[in-house]
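Shown next: my_file_38.cif, containing mmCIF, C-alpha atoms (C1' of nucleotides).
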```cif
data_query
#
loop_
_atom_site.label_atom_id
_atom_site.label_comp_id
_atom_site.auth_asym_id
_atom_site.auth_seq_id
_atom_site.Cartn_x
_atom_site.Cartn_y
_atom_site.Cartn_z
CA MET A 1 -84.43 -69.28 -11.75
CA VAL A 2 -83.03 -71.24 -8.85
CA SER A 3 -79.35 -71.65 -8.14
CA GLU A 4 -77.71 -75.02 -7.94
CA THR A 5 -77.08 -74.44 -4.25
CA GLU A 6 -80.71 -73.71 -3.57
CA LYS A 7 -81.68 -76.94 -5.30
CA LYS A 8 -79.20 -78.92 -3.23
CA ILE A 9 -80.56 -77.37 -0.05
CA PHE A 10 -84.10 -78.16 -1.07
CA GLU A 11 -83.35 -81.76 -1.84
CA ALA A 12 -81.46 -82.25 1.39
CA ALA A 13 -84.20 -80.55 3.36
CA ARG A 14 -86.83 -82.72 1.72
CA SER A 15 -84.98 -85.86 2.62
CA VAL A 16 -84.32 -84.88 6.22
CA PHE A 17 -87.72 -83.35 6.96
CA MET A 18 -89.52 -86.30 5.38
CA GLN A 19 -87.77 -88.74 7.65
CA LYS A 20 -87.57 -86.74 10.87
CA GLY A 21 -90.23 -84.07 10.73
CA ILE A 22 -89.56 -80.47 11.63
CA ASP A 23 -88.89 -81.24 15.29
CA GLY A 24 -86.46 -84.05 14.66
CA ALA A 25 -84.59 -82.28 11.88
CA ARG A 26 -81.43 -80.25 12.53
CA MET A 27 -80.36 -77.40 10.29
CA GLN A 28 -76.79 -78.63 10.53
CA GLU A 29 -77.85 -82.05 9.32
CA ILE A 30 -79.59 -80.54 6.32
CA ALA A 31 -76.51 -78.46 5.54
CA ASP A 32 -74.31 -81.53 5.78
CA ALA A 33 -76.64 -83.53 3.55
CA ALA A 34 -76.53 -80.71 1.02
CA GLY A 35 -72.78 -80.42 1.33
CA ILE A 36 -72.86 -76.70 2.04
CA ASN A 37 -72.39 -74.24 4.85
CA LYS A 38 -75.21 -73.92 7.34
CA ALA A 39 -75.40 -70.18 6.79
CA MET A 40 -76.58 -70.82 3.23
CA LEU A 41 -79.79 -72.35 4.54
CA HIS A 42 -80.65 -69.05 6.14
CA TYR A 43 -79.36 -67.09 3.19
CA TYR A 44 -81.83 -68.82 0.88
CA PHE A 45 -84.72 -69.62 3.21
CA ARG A 46 -84.37 -67.28 6.20
CA THR A 47 -85.65 -69.72 8.84
CA LYS A 48 -86.12 -73.40 9.51
CA GLU A 49 -89.86 -72.79 9.60
CA LYS A 50 -89.93 -71.26 6.12
CA LEU A 51 -87.78 -74.02 4.70
CA PHE A 52 -90.08 -76.59 6.22
CA VAL A 53 -93.19 -74.90 4.88
CA ALA A 54 -91.63 -74.85 1.43
CA ILE A 55 -91.09 -78.61 1.60
CA VAL A 56 -94.61 -79.25 2.86
CA ALA A 57 -96.10 -77.04 0.16
CA GLU A 58 -94.12 -78.87 -2.50
CA ALA A 59 -95.24 -82.25 -1.21
CA PHE A 60 -98.90 -81.33 -1.37
CA ALA A 61 -98.56 -79.45 -4.64
CA ASP A 62 -96.91 -82.48 -6.23
CA PHE A 63 -99.20 -85.08 -4.79
CA PHE A 64 -102.68 -84.00 -5.74
CA PRO A 65 -102.20 -82.91 -9.33
CA ASN A 66 -100.24 -86.10 -9.87
CA MET A 67 -103.24 -88.13 -8.73
CA ILE A 68 -106.01 -86.14 -10.28
CA ASP A 69 -105.31 -86.59 -13.96
CA ILE A 70 -106.17 -90.24 -13.59
CA ALA A 71 -109.72 -89.13 -13.00
CA LEU A 72 -109.68 -87.64 -16.48
CA LEU A 73 -108.60 -90.81 -18.26
CA ASP A 74 -111.24 -92.36 -20.48
CA LEU A 75 -111.38 -95.74 -18.80
CA PRO A 76 -113.97 -98.02 -17.24
CA ILE A 77 -114.26 -97.21 -13.55
CA ARG A 78 -112.59 -100.41 -12.44
CA ASP A 79 -109.52 -99.64 -14.53
CA LYS A 80 -109.58 -96.06 -13.39
CA ILE A 81 -109.50 -97.06 -9.74
CA GLY A 82 -106.83 -99.60 -10.59
CA ALA A 83 -104.74 -96.88 -12.22
CA PHE A 84 -105.29 -94.71 -9.17
CA ILE A 85 -103.98 -97.45 -6.90
CA ASP A 86 -101.01 -98.08 -9.20
CA ARG A 87 -100.10 -94.43 -9.29
CA TYR A 88 -100.25 -94.13 -5.54
CA LEU A 89 -98.14 -97.21 -4.89
CA ASP A 90 -95.69 -95.93 -7.46
CA MET A 91 -95.29 -92.60 -5.68
CA VAL A 92 -94.88 -94.35 -2.37
CA GLY A 93 -92.30 -96.66 -3.87
CA LYS A 94 -90.23 -93.61 -4.73
CA ASN A 95 -90.76 -92.01 -1.33
CA PRO A 96 -92.01 -94.30 1.43
CA PHE A 97 -92.09 -91.45 3.93
CA LEU A 98 -94.45 -89.22 1.96
CA PRO A 99 -97.78 -90.37 3.41
CA HIS A 100 -96.65 -90.25 7.01
CA PHE A 101 -94.90 -86.96 6.40
CA MET A 102 -98.03 -85.32 5.02
CA ILE A 103 -100.17 -86.54 7.89
CA HIS A 104 -97.65 -85.73 10.57
CA ALA A 105 -97.01 -82.27 9.17
CA LEU A 106 -100.67 -81.38 9.51
CA TYR A 107 -100.98 -83.01 12.91
CA ARG A 108 -98.16 -80.90 14.30
CA ASN A 109 -98.82 -77.80 12.21
CA PRO A 110 -102.54 -77.44 11.61
CA GLU A 111 -101.93 -73.82 10.67
CA LEU A 112 -100.39 -75.07 7.43
CA ALA A 113 -103.85 -76.12 6.27
CA GLY A 114 -104.37 -72.90 4.31
CA GLU A 115 -100.94 -73.16 2.74
CA VAL A 116 -101.79 -76.64 1.63
CA VAL A 117 -105.32 -76.26 0.38
CA ALA A 118 -104.20 -73.79 -2.25
CA ASN A 119 -102.00 -76.44 -3.81
CA MET A 120 -104.55 -79.10 -4.46
CA GLY A 121 -107.19 -77.65 -6.76
CA HIS A 122 -110.57 -79.32 -6.84
CA PHE A 123 -109.21 -82.80 -6.70
CA PRO A 124 -111.40 -84.21 -3.92
CA LYS A 125 -114.70 -82.84 -5.14
CA GLN A 126 -114.07 -84.07 -8.65
CA ILE A 127 -113.37 -87.55 -7.39
CA ILE A 128 -116.48 -87.66 -5.28
CA GLY A 129 -118.59 -86.38 -8.18
CA LEU A 130 -117.10 -88.98 -10.45
CA ILE A 131 -117.94 -91.76 -8.02
CA ALA A 132 -121.47 -90.48 -7.53
CA ASN A 133 -121.84 -90.60 -11.29
CA GLU A 134 -120.73 -94.19 -11.54
CA MET A 135 -123.09 -95.16 -8.75
CA GLU A 136 -125.98 -93.69 -10.69
CA LYS A 137 -124.89 -95.59 -13.75
CA GLY A 138 -124.81 -98.72 -11.60
CA THR A 139 -121.21 -99.58 -12.47
CA ILE A 140 -120.22 -99.66 -8.81
CA PRO A 141 -122.28 -100.62 -5.75
CA LYS A 142 -124.63 -97.86 -4.68
CA SER A 143 -123.81 -96.25 -1.32
CA SER A 144 -122.32 -93.00 -0.09
CA PRO A 145 -119.68 -91.65 -2.49
CA GLN A 146 -117.86 -90.10 0.47
CA HIS A 147 -117.61 -93.42 2.27
CA PHE A 148 -116.69 -95.18 -0.94
CA VAL A 149 -113.73 -92.86 -1.47
CA LEU A 150 -112.82 -93.02 2.22
CA ASN A 151 -112.84 -96.82 2.05
CA LEU A 152 -110.66 -96.77 -1.03
CA VAL A 153 -108.02 -94.41 0.26
CA SER A 154 -108.07 -96.08 3.68
CA MET A 155 -107.39 -99.54 2.31
CA LEU A 156 -104.75 -98.07 0.03
CA ILE A 157 -102.93 -95.74 2.38
CA PHE A 158 -103.19 -97.34 5.80
CA PRO A 159 -101.04 -100.36 5.02
CA ILE A 160 -98.36 -97.83 4.04
CA VAL A 161 -98.74 -95.25 6.76
CA GLY A 162 -99.30 -97.84 9.45
CA ARG A 163 -96.57 -100.08 8.11
CA PRO A 164 -94.26 -99.91 11.15
CA ILE A 165 -96.99 -101.31 13.38
CA VAL A 166 -98.84 -103.56 10.99
CA GLN A 167 -95.71 -105.18 9.64
CA LEU A 168 -94.48 -105.71 13.17
CA ILE A 169 -97.53 -107.17 14.84
CA TYR A 170 -99.11 -109.09 11.96
CA PHE A 171 -96.06 -110.10 9.97
CA ASP A 172 -93.22 -110.40 12.50
CA ASN A 173 -91.48 -107.45 10.90
CA ASP A 174 -90.77 -109.53 7.81
CA VAL A 175 -90.08 -106.90 5.16
CA GLU A 176 -90.20 -109.25 2.19
CA LEU A 177 -93.42 -110.84 3.35
CA TYR A 178 -95.00 -107.45 3.79
CA ASN A 179 -93.85 -106.29 0.35
CA GLY A 180 -95.61 -109.32 -1.03
CA ILE A 181 -98.80 -108.38 0.78
CA LEU A 182 -98.60 -104.86 -0.60
CA LYS A 183 -98.33 -106.22 -4.14
CA GLU A 184 -101.61 -108.05 -3.60
CA ARG A 185 -103.38 -104.98 -2.31
CA LYS A 186 -104.58 -103.71 -5.68
CA GLU A 187 -106.69 -106.74 -6.51
CA GLU A 188 -107.82 -107.09 -2.92
CA ILE A 189 -108.97 -103.47 -2.67
CA LEU A 190 -110.79 -103.64 -5.98
CA LYS A 191 -112.59 -106.83 -5.00
CA THR A 192 -113.58 -105.42 -1.63
CA ILE A 193 -114.67 -102.00 -2.74
CA LEU A 194 -116.64 -103.36 -5.70
CA LYS A 195 -118.04 -106.10 -3.49
CA GLU A 196 -117.03 -108.91 -5.76
CA GLN A 197 -117.24 -112.29 -4.09
CA MET B 1 -96.07 -98.68 44.79
CA VAL B 2 -95.85 -95.45 42.87
CA SER B 3 -95.79 -92.05 44.49
CA GLU B 4 -98.35 -89.39 43.71
CA THR B 5 -95.61 -87.33 42.09
CA GLU B 6 -94.59 -90.13 39.81
CA LYS B 7 -98.18 -90.52 38.71
CA LYS B 8 -98.49 -86.82 37.96
CA ILE B 9 -95.31 -86.93 35.93
CA PHE B 10 -96.52 -89.93 33.99
CA GLU B 11 -99.86 -88.36 33.16
CA ALA B 12 -98.26 -85.12 32.09
CA ALA B 13 -95.68 -86.95 30.02
CA ARG B 14 -98.39 -89.01 28.35
CA SER B 15 -100.33 -85.93 27.39
CA VAL B 16 -97.33 -84.02 26.06
CA PHE B 17 -95.64 -86.92 24.26
CA MET B 18 -98.92 -88.00 22.67
CA GLN B 19 -99.46 -84.60 21.15
CA LYS B 20 -95.90 -83.62 20.26
CA GLY B 21 -93.86 -86.79 20.03
CA ILE B 22 -90.49 -87.15 21.66
CA ASP B 23 -88.82 -84.55 19.44
CA GLY B 24 -91.45 -81.89 19.93
CA ALA B 25 -91.79 -82.43 23.68
CA ARG B 26 -89.82 -80.39 26.20
CA MET B 27 -88.97 -81.72 29.66
CA GLN B 28 -89.81 -78.32 31.11
CA GLU B 29 -93.23 -78.47 29.49
CA ILE B 30 -93.90 -81.86 31.04
CA ALA B 31 -92.77 -80.61 34.42
CA ASP B 32 -95.05 -77.60 34.12
CA ALA B 33 -97.97 -79.77 33.08
CA ALA B 34 -97.32 -81.98 36.10
CA GLY B 35 -96.94 -78.96 38.35
CA ILE B 36 -93.57 -80.05 39.68
CA ASN B 37 -89.89 -79.25 39.45
CA LYS B 38 -88.08 -80.37 36.34
CA ALA B 39 -85.46 -82.18 38.41
CA MET B 40 -88.17 -84.60 39.55
CA LEU B 41 -88.53 -85.93 36.03
CA HIS B 42 -84.93 -87.07 36.13
CA TYR B 43 -85.21 -88.22 39.71
CA TYR B 44 -87.98 -90.65 38.76
CA PHE B 45 -87.15 -91.50 35.16
CA ARG B 46 -83.47 -90.63 34.67
CA THR B 47 -83.76 -89.45 31.05
CA LYS B 48 -86.25 -88.10 28.53
CA GLU B 49 -85.67 -91.23 26.48
CA LYS B 50 -86.62 -93.56 29.34
CA LEU B 51 -89.69 -91.53 30.19
CA PHE B 52 -90.76 -91.66 26.56
CA VAL B 53 -90.22 -95.39 26.30
CA ALA B 54 -92.32 -95.87 29.42
CA ILE B 55 -95.17 -93.96 27.81
CA VAL B 56 -94.88 -95.88 24.55
CA ALA B 57 -94.79 -99.19 26.37
CA GLU B 58 -97.89 -98.26 28.34
CA ALA B 59 -99.74 -97.23 25.19
CA PHE B 60 -99.09 -100.55 23.49
CA ALA B 61 -99.62 -102.59 26.64
CA ASP B 62 -103.00 -100.94 27.15
CA PHE B 63 -104.14 -101.05 23.58
CA PHE B 64 -103.85 -104.66 22.55
CA PRO B 65 -105.22 -106.45 25.59
CA ASN B 66 -108.08 -103.99 25.56
CA MET B 67 -108.94 -105.02 22.01
CA ILE B 68 -108.31 -108.71 22.24
CA ASP B 69 -110.94 -109.79 24.70
CA ILE B 70 -113.57 -108.90 22.13
CA ALA B 71 -112.32 -111.82 20.12
CA LEU B 72 -113.29 -114.04 23.01
CA LEU B 73 -116.89 -112.88 23.21
CA ASP B 74 -119.45 -115.47 22.19
CA LEU B 75 -121.09 -113.47 19.45
CA PRO B 76 -121.91 -113.90 15.78
CA ILE B 77 -118.97 -112.64 13.73
CA ARG B 78 -120.83 -109.57 12.50
CA ASP B 79 -121.54 -108.47 16.06
CA LYS B 80 -118.02 -109.30 17.09
CA ILE B 81 -116.57 -107.08 14.40
CA GLY B 82 -119.11 -104.45 15.33
CA ALA B 83 -117.99 -104.61 18.95
CA PHE B 84 -114.38 -104.38 17.80
CA ILE B 85 -115.15 -101.20 15.88
CA ASP B 86 -117.10 -99.75 18.80
CA ARG B 87 -114.29 -100.46 21.20
CA TYR B 88 -111.74 -98.85 18.96
CA LEU B 89 -113.77 -95.72 18.33
CA ASP B 90 -114.39 -95.51 22.05
CA MET B 91 -110.66 -95.59 22.84
CA VAL B 92 -110.00 -92.99 20.20
CA GLY B 93 -112.78 -90.83 21.58
CA LYS B 94 -110.91 -90.75 24.88
CA ASN B 95 -107.55 -90.11 23.25
CA PRO B 96 -107.64 -88.88 19.65
CA PHE B 97 -103.86 -88.81 19.45
CA LEU B 98 -103.29 -92.45 20.31
CA PRO B 99 -103.28 -93.94 16.79
CA HIS B 100 -100.97 -91.33 15.34
CA PHE B 101 -98.77 -91.49 18.41
CA MET B 102 -98.31 -95.23 18.13
CA ILE B 103 -97.49 -95.07 14.44
CA HIS B 104 -95.21 -92.07 14.74
CA ALA B 105 -93.36 -93.55 17.69
CA LEU B 106 -92.41 -96.60 15.65
CA TYR B 107 -91.60 -94.55 12.57
CA ARG B 108 -89.11 -92.46 14.49
CA ASN B 109 -87.96 -95.16 16.87
CA PRO B 110 -87.99 -98.53 15.12
CA GLU B 111 -85.71 -99.86 17.85
CA LEU B 112 -88.73 -99.77 20.19
CA ALA B 113 -90.23 -102.66 18.26
CA GLY B 114 -88.91 -105.22 20.70
CA GLU B 115 -90.12 -103.22 23.68
CA VAL B 116 -93.53 -103.12 22.14
CA VAL B 117 -93.98 -106.65 20.91
CA ALA B 118 -93.66 -107.97 24.44
CA ASN B 119 -96.70 -105.99 25.48
CA MET B 120 -99.21 -107.30 23.02
CA GLY B 121 -99.51 -111.03 23.51
CA HIS B 122 -100.82 -113.11 20.65
CA PHE B 123 -103.47 -110.65 19.65
CA PRO B 124 -102.83 -110.54 15.91
CA LYS B 125 -102.48 -114.26 15.29
CA GLN B 126 -105.62 -115.03 17.25
CA ILE B 127 -107.59 -112.55 15.22
CA ILE B 128 -106.36 -113.93 11.92
CA GLY B 129 -107.10 -117.47 13.02
CA LEU B 130 -110.57 -116.46 14.08
CA ILE B 131 -111.26 -114.87 10.71
CA ALA B 132 -109.94 -117.88 8.84
CA ASN B 133 -112.35 -119.97 10.86
CA GLU B 134 -115.34 -117.86 9.96
CA MET B 135 -114.37 -117.98 6.30
CA GLU B 136 -114.38 -121.75 6.42
CA LYS B 137 -117.78 -121.69 8.06
CA GLY B 138 -118.90 -119.39 5.26
CA THR B 139 -120.13 -116.67 7.61
CA ILE B 140 -117.95 -114.07 5.93
CA PRO B 141 -116.82 -113.83 2.30
CA LYS B 142 -113.95 -116.20 1.51
CA SER B 143 -110.65 -114.51 0.77
CA SER B 144 -107.33 -113.96 2.52
CA PRO B 145 -107.75 -113.57 6.30
CA GLN B 146 -104.71 -111.28 6.33
CA HIS B 147 -106.23 -108.95 3.77
CA PHE B 148 -109.60 -109.14 5.46
CA VAL B 149 -108.11 -107.93 8.74
CA LEU B 150 -105.98 -105.36 6.96
CA ASN B 151 -109.06 -104.03 5.20
CA LEU B 152 -110.95 -103.84 8.44
CA VAL B 153 -108.32 -102.01 10.44
CA SER B 154 -107.52 -99.77 7.48
CA MET B 155 -111.09 -98.58 7.06
CA LEU B 156 -111.37 -98.18 10.80
CA ILE B 157 -108.09 -96.47 11.61
CA PHE B 158 -107.23 -94.42 8.56
CA PRO B 159 -110.11 -91.96 8.91
CA ILE B 160 -108.75 -91.28 12.40
CA VAL B 161 -105.06 -91.22 11.75
CA GLY B 162 -105.41 -89.36 8.49
CA ARG B 163 -108.02 -87.03 9.89
CA PRO B 164 -106.04 -83.80 9.52
CA ILE B 165 -105.75 -84.31 5.78
CA VAL B 166 -108.99 -86.11 5.02
CA GLN B 167 -111.10 -83.70 6.99
CA LEU B 168 -109.35 -80.79 5.32
CA ILE B 169 -109.47 -81.82 1.70
CA TYR B 170 -112.71 -83.76 1.55
CA PHE B 171 -114.76 -81.96 4.16
CA ASP B 172 -113.47 -78.37 4.19
CA ASN B 173 -112.15 -78.89 7.71
CA ASP B 174 -115.69 -79.06 9.02
CA VAL B 175 -115.27 -80.81 12.36
CA GLU B 176 -118.95 -81.47 12.98
CA LEU B 177 -119.45 -82.83 9.50
CA TYR B 178 -116.50 -85.14 9.93
CA ASN B 179 -117.71 -86.35 13.31
CA GLY B 180 -120.95 -87.27 11.59
CA ILE B 181 -119.07 -89.25 8.98
CA LEU B 182 -117.15 -91.10 11.68
CA LYS B 183 -120.42 -92.10 13.34
CA GLU B 184 -121.49 -93.72 10.09
CA ARG B 185 -118.27 -95.66 9.72
CA LYS B 186 -119.32 -98.72 11.67
CA GLU B 187 -122.22 -99.64 9.40
CA GLU B 188 -120.26 -98.64 6.32
CA ILE B 189 -117.26 -100.78 7.23
CA LEU B 190 -119.41 -103.78 8.05
CA LYS B 191 -121.29 -103.50 4.78
CA THR B 192 -118.11 -103.18 2.78
CA ILE B 193 -116.10 -105.86 4.46
CA LEU B 194 -118.98 -108.33 4.41
CA LYS B 195 -119.76 -107.32 0.83
CA GLU B 196 -123.37 -106.58 1.50
CA GLN B 197 -124.99 -104.66 -1.33
"C1'" DC C 1 -60.75 -53.48 -16.20
"C1'" DG C 2 -63.48 -51.74 -12.30
"C1'" DC C 3 -67.44 -51.84 -9.90
"C1'" DA C 4 -71.57 -53.69 -7.94
"C1'" DT C 5 -74.14 -57.42 -6.83
"C1'" DT C 6 -74.56 -62.01 -5.33
"C1'" DA C 7 -72.77 -66.17 -3.15
"C1'" DT C 8 -70.04 -68.40 0.40
"C1'" DT C 9 -67.50 -69.14 4.54
"C1'" DA C 10 -65.82 -69.22 9.34
"C1'" DA C 11 -66.56 -67.45 13.44
"C1'" DC C 12 -69.66 -65.98 16.55
"C1'" DC C 13 -74.03 -65.23 19.48
"C1'" DA C 14 -78.06 -65.83 22.41
"C1'" DT C 15 -80.90 -68.94 23.96
"C1'" DA C 16 -82.99 -73.41 24.75
"C1'" DT C 17 -82.43 -77.77 26.48
"C1'" DG C 18 -81.42 -82.14 28.84
"C1'" DG C 19 -79.35 -83.12 32.75
"C1'" DT C 20 -76.76 -82.45 37.49
"C1'" DT C 21 -75.89 -81.00 42.18
"C1'" DA C 22 -75.92 -79.57 46.71
"C1'" DA C 23 -78.67 -78.09 50.01
"C1'" DA C 24 -83.15 -78.13 52.27
"C1'" DC C 25 -87.28 -80.53 53.64
"C1'" DC C 26 -90.00 -84.04 55.66
"C1'" DA C 27 -91.80 -88.26 57.56
"C1'" DA C 28 -90.82 -92.42 59.94
"C1'" DA C 29 -87.83 -95.06 62.91
"C1'" DT C 30 -84.82 -95.18 66.99
"C1'" DA D 1 -85.02 -85.30 69.90
"C1'" DT D 2 -81.97 -87.15 66.62
"C1'" DT D 3 -80.99 -89.75 62.91
"C1'" DT D 4 -81.97 -91.68 58.54
"C1'" DG D 5 -83.89 -92.21 54.20
"C1'" DG D 6 -86.33 -90.66 50.56
"C1'" DT D 7 -88.21 -86.34 48.30
"C1'" DT D 8 -88.10 -81.67 46.50
"C1'" DT D 9 -86.16 -77.35 45.11
"C1'" DA D 10 -83.28 -73.62 43.12
"C1'" DA D 11 -79.38 -72.89 41.00
"C1'" DC D 12 -76.22 -74.40 37.93
"C1'" DC D 13 -73.75 -76.69 33.81
"C1'" DA D 14 -72.38 -78.24 29.25
"C1'" DT D 15 -73.86 -78.56 25.02
"C1'" DA D 16 -76.88 -78.17 21.04
"C1'" DT D 17 -79.25 -75.27 18.20
"C1'" DG D 18 -81.27 -71.70 15.21
"C1'" DG D 19 -79.70 -67.78 13.59
"C1'" DT D 20 -76.32 -63.65 12.56
"C1'" DT D 21 -72.33 -61.19 10.93
"C1'" DA D 22 -68.45 -59.48 8.82
"C1'" DA D 23 -65.18 -60.55 5.81
"C1'" DT D 24 -64.03 -62.94 1.40
"C1'" DA D 25 -64.77 -64.90 -3.06
"C1'" DA D 26 -67.08 -65.23 -7.28
"C1'" DT D 27 -69.89 -63.38 -10.93
"C1'" DG D 28 -71.85 -60.33 -14.10
"C1'" DC D 29 -71.88 -55.93 -16.40
"C1'" DG D 30 -70.83 -51.09 -17.89
#
```
Show me this structure written as structure tokens.
Amino acid sequence: MVSETEKKIFEAARSVFMQKGIDGARMQEIADAAGINKAMLHYYFRTKEKLFVAIVAEAFADFFPNMIDIALLDLPIRDKIGAFIDRYLDMVGKNPFLPHFMIHALYRNPELAGEVVANMGHFPKQIIGLIANEMEKGTIPKSSPQHFVLNLVSMLIFPIVGRPIVQLIYFDNDVELYNGILKERKEEILKTILKEQ
Amino acid sequence: MVSETEKKIFEAARSVFMQKGIDGARMQEIADAAGINKAMLHYYFRTKEKLFVAIVAEAFADFFPNMIDIALLDLPIRDKIGAFIDRYLDMVGKNPFLPHFMIHALYRNPELAGEVVANMGHFPKQIIGLIANEMEKGTIPKSSPQHFVLNLVSMLIFPIVGRPIVQLIYFDNDVELYNGILKERKEEILKTILKEQ
DNA sequence: CGCATTATTAACCATATGGTTAAACCAAAT
DNA sequence: ATTTGGTTTAACCATATGGTTAATAATGCG
């Protein structure tokens, strides 16, 4: 059972850490965002480090299970990949900072790897196995399942995670224009990855 | 004319900022890395902010011109894209933090956009125009030049910028294994983007 | 109620941090 | 040799920051 205060702290911490990372975040700022006294942060989470780790762990623990169940749907592979893309873009719509946060957290804190692995089950291996299967069936172009998945997630995630640069240099920082491009990504990725002309 | 000291500061600052970002970097750490007194940092660059901006500006000013001249080579498009990929992987080999640094810098400091745009010439537009041209000629599959370029840079950059996560969850953090995968990327990207079966 | 446990606050603390200063150093010009 | 200008250093400063504490308030329970 978690107290209301603890929940408020957690939410505030999530918001601040997501946007600023552990280095850019200030405990006082988190306290202010939560509307409580700074001492409460330490009362509930001891240190900034522990609070941060809790947020990182939650992010990873939420992300992977949320993606994996799509693999279990009984759908043709094209629809399954489409659902995967939809789900991802949906998550990102709710929290645009998530992808960069996850990457940056591991860049700056590689020691969190262990923490994080525990929270993701067998997601990756299942996906790769599933793709290998479809390749054997001939429903998707035969190649390396690893590269296939890497291509998929790259084309899906990079336009999000690299948005500040890509939007700036290719689209004159036009937010609306770039949102339009993102909406087209699903069809574009499917066509590319399935090598449809 | 820049003094030897200024150069040492700049190199040290580049190394530290690249790895830790502006928030994670300490002026003392930069001074130590440069082997000089902390006061010299302020003597030559006034503030941490200004020093950081100088490093960011250099990164962008180096990156784009270095990539663009490939577009000017008189090569078949497949070779040109291949050279583009080679060049990028080569840069990253020399500085693995560069892609993440550039993205993170703009995430945390969107106000640097102006600073940065000045340093990149017409790189993006030229590339898009070039691709549109090839599509008309029929040398690459017809689709949106914007998406084509986005697909290319995504498949190229994401495995680098997302390395901490991808390597961890798909490849058990096996560095050698992942290096092997990266070596295969060039052929894989070309095949995918050109829709070769 | 009365007591014990938990939650909350304001004030405080030690240290880290970006930045400053005044004095010393040094090379070139006079 | 003295002056002059830029360069370098050690010491210093103000403030920010993560974290603590002791006292107070609220809550639950016998």
Report task. Within 9 Å of chain D, which residues of chain A are there when counting all atoms listed in the file? Please give them as a VMD selection string. Result -> chain A and resid 26 to 28 39 42 46 to 48
Selection from above, C-alpha atoms, as a compact mmCIF listing (two decimals), keeping the file's coordinate frame, can you write it?
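Below you can see again.txt, which holds the result:
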```
# COMPACT_ATOMS: atom_id res chain seq x y z
CA ARG A 26 -81.43 -80.25 12.53
CA MET A 27 -80.36 -77.40 10.29
CA GLN A 28 -76.79 -78.63 10.53
CA ALA A 39 -75.40 -70.18 6.79
CA HIS A 42 -80.65 -69.05 6.14
CA ARG A 46 -84.37 -67.28 6.20
CA THR A 47 -85.65 -69.72 8.84
CA LYS A 48 -86.12 -73.40 9.51
```
Query raised in the report: Evaluating the PyMOL selection byres ((chain C) within 12 of (chain A)) on the displayed file yields which residues, as an NGL selection string?
Result: :C and (6-11)
Query raised in the report: In terms of the shortest atom-to-atom distance over all atoms listed in the file, which of A:Asp23, A:Glu4, A:Glu115, A:Asp74 is closest to chain B?
Result: A:Asp23
Query raised in the report: Which chain A residues are at most 8 Å from chain B (counting all atoms listed in the file), as a ChimeraX atom specification?
Result: /A:19-20,23-24,102-104,106-108,110,113,117,124-125,141-142,147,150-151,154-155,157-159,161-162,164-165,168-170,185,188-189,192-193,195-197
Write out the residues from the selection above, keeping C-alpha atoms, as a compact mmCIF listing (two decimals), keeping the file's coordinate frame.
```
# COMPACT_ATOMS: atom_id res chain seq x y z
CA GLN A 19 -87.77 -88.74 7.65
CA LYS A 20 -87.57 -86.74 10.87
CA ASP A 23 -88.89 -81.24 15.29
CA GLY A 24 -86.46 -84.05 14.66
CA MET A 102 -98.03 -85.32 5.02
CA ILE A 103 -100.17 -86.54 7.89
CA HIS A 104 -97.65 -85.73 10.57
CA LEU A 106 -100.67 -81.38 9.51
CA TYR A 107 -100.98 -83.01 12.91
CA ARG A 108 -98.16 -80.90 14.30
CA PRO A 110 -102.54 -77.44 11.61
CA ALA A 113 -103.85 -76.12 6.27
CA VAL A 117 -105.32 -76.26 0.38
CA PRO A 124 -111.40 -84.21 -3.92
CA LYS A 125 -114.70 -82.84 -5.14
CA PRO A 141 -122.28 -100.62 -5.75
CA LYS A 142 -124.63 -97.86 -4.68
CA HIS A 147 -117.61 -93.42 2.27
CA LEU A 150 -112.82 -93.02 2.22
CA ASN A 151 -112.84 -96.82 2.05
CA SER A 154 -108.07 -96.08 3.68
CA MET A 155 -107.39 -99.54 2.31
CA ILE A 157 -102.93 -95.74 2.38
CA PHE A 158 -103.19 -97.34 5.80
CA PRO A 159 -101.04 -100.36 5.02
CA VAL A 161 -98.74 -95.25 6.76
CA GLY A 162 -99.30 -97.84 9.45
CA PRO A 164 -94.26 -99.91 11.15
CA ILE A 165 -96.99 -101.31 13.38
CA LEU A 168 -94.48 -105.71 13.17
CA ILE A 169 -97.53 -107.17 14.84
CA TYR A 170 -99.11 -109.09 11.96
CA ARG A 185 -103.38 -104.98 -2.31
CA GLU A 188 -107.82 -107.09 -2.92
CA ILE A 189 -108.97 -103.47 -2.67
CA THR A 192 -113.58 -105.42 -1.63
CA ILE A 193 -114.67 -102.00 -2.74
CA LYS A 195 -118.04 -106.10 -3.49
CA GLU A 196 -117.03 -108.91 -5.76
CA GLN A 197 -117.24 -112.29 -4.09
```
Report task. Taking the file above as input, evaluate the PyMOL selection byres ((chain A and resi 62) around 12) and report the hits as a ChimeraX atom specification. Result -> /A:55-61,63-68,91,98,102,116,119-121
Query raised in the report: In Å, with one decimal, what is the gap from atom CA of Ile9 of chain A to atom CA of Ala34 of chain A?
Result: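 Atom-to-atom, atom CA of Ile9 of chain A and atom CA of Ala34 of chain A are spaced 5.3 Å apart.
Computed from the coordinates, the atom CA of Leu51 of chain B to atom CA of Ala118 of chain B distance equals 17.9 Å.
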Query raised in the report: What is the distance between atom CA of Ile77 of chain A and atom CA of Leu190 of chain B, in Å to one decimal?
Result: 23.2 Å
**Report entry** Nearest-residue call for Lys94 of chain A, choices A:Ile140, A:Gln167, A:Gln126, A:Ser15, using only C-alpha atoms
**Finding:**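 Using only C-alpha atoms, Lys94 of chain A sits closest to A:Ser15.
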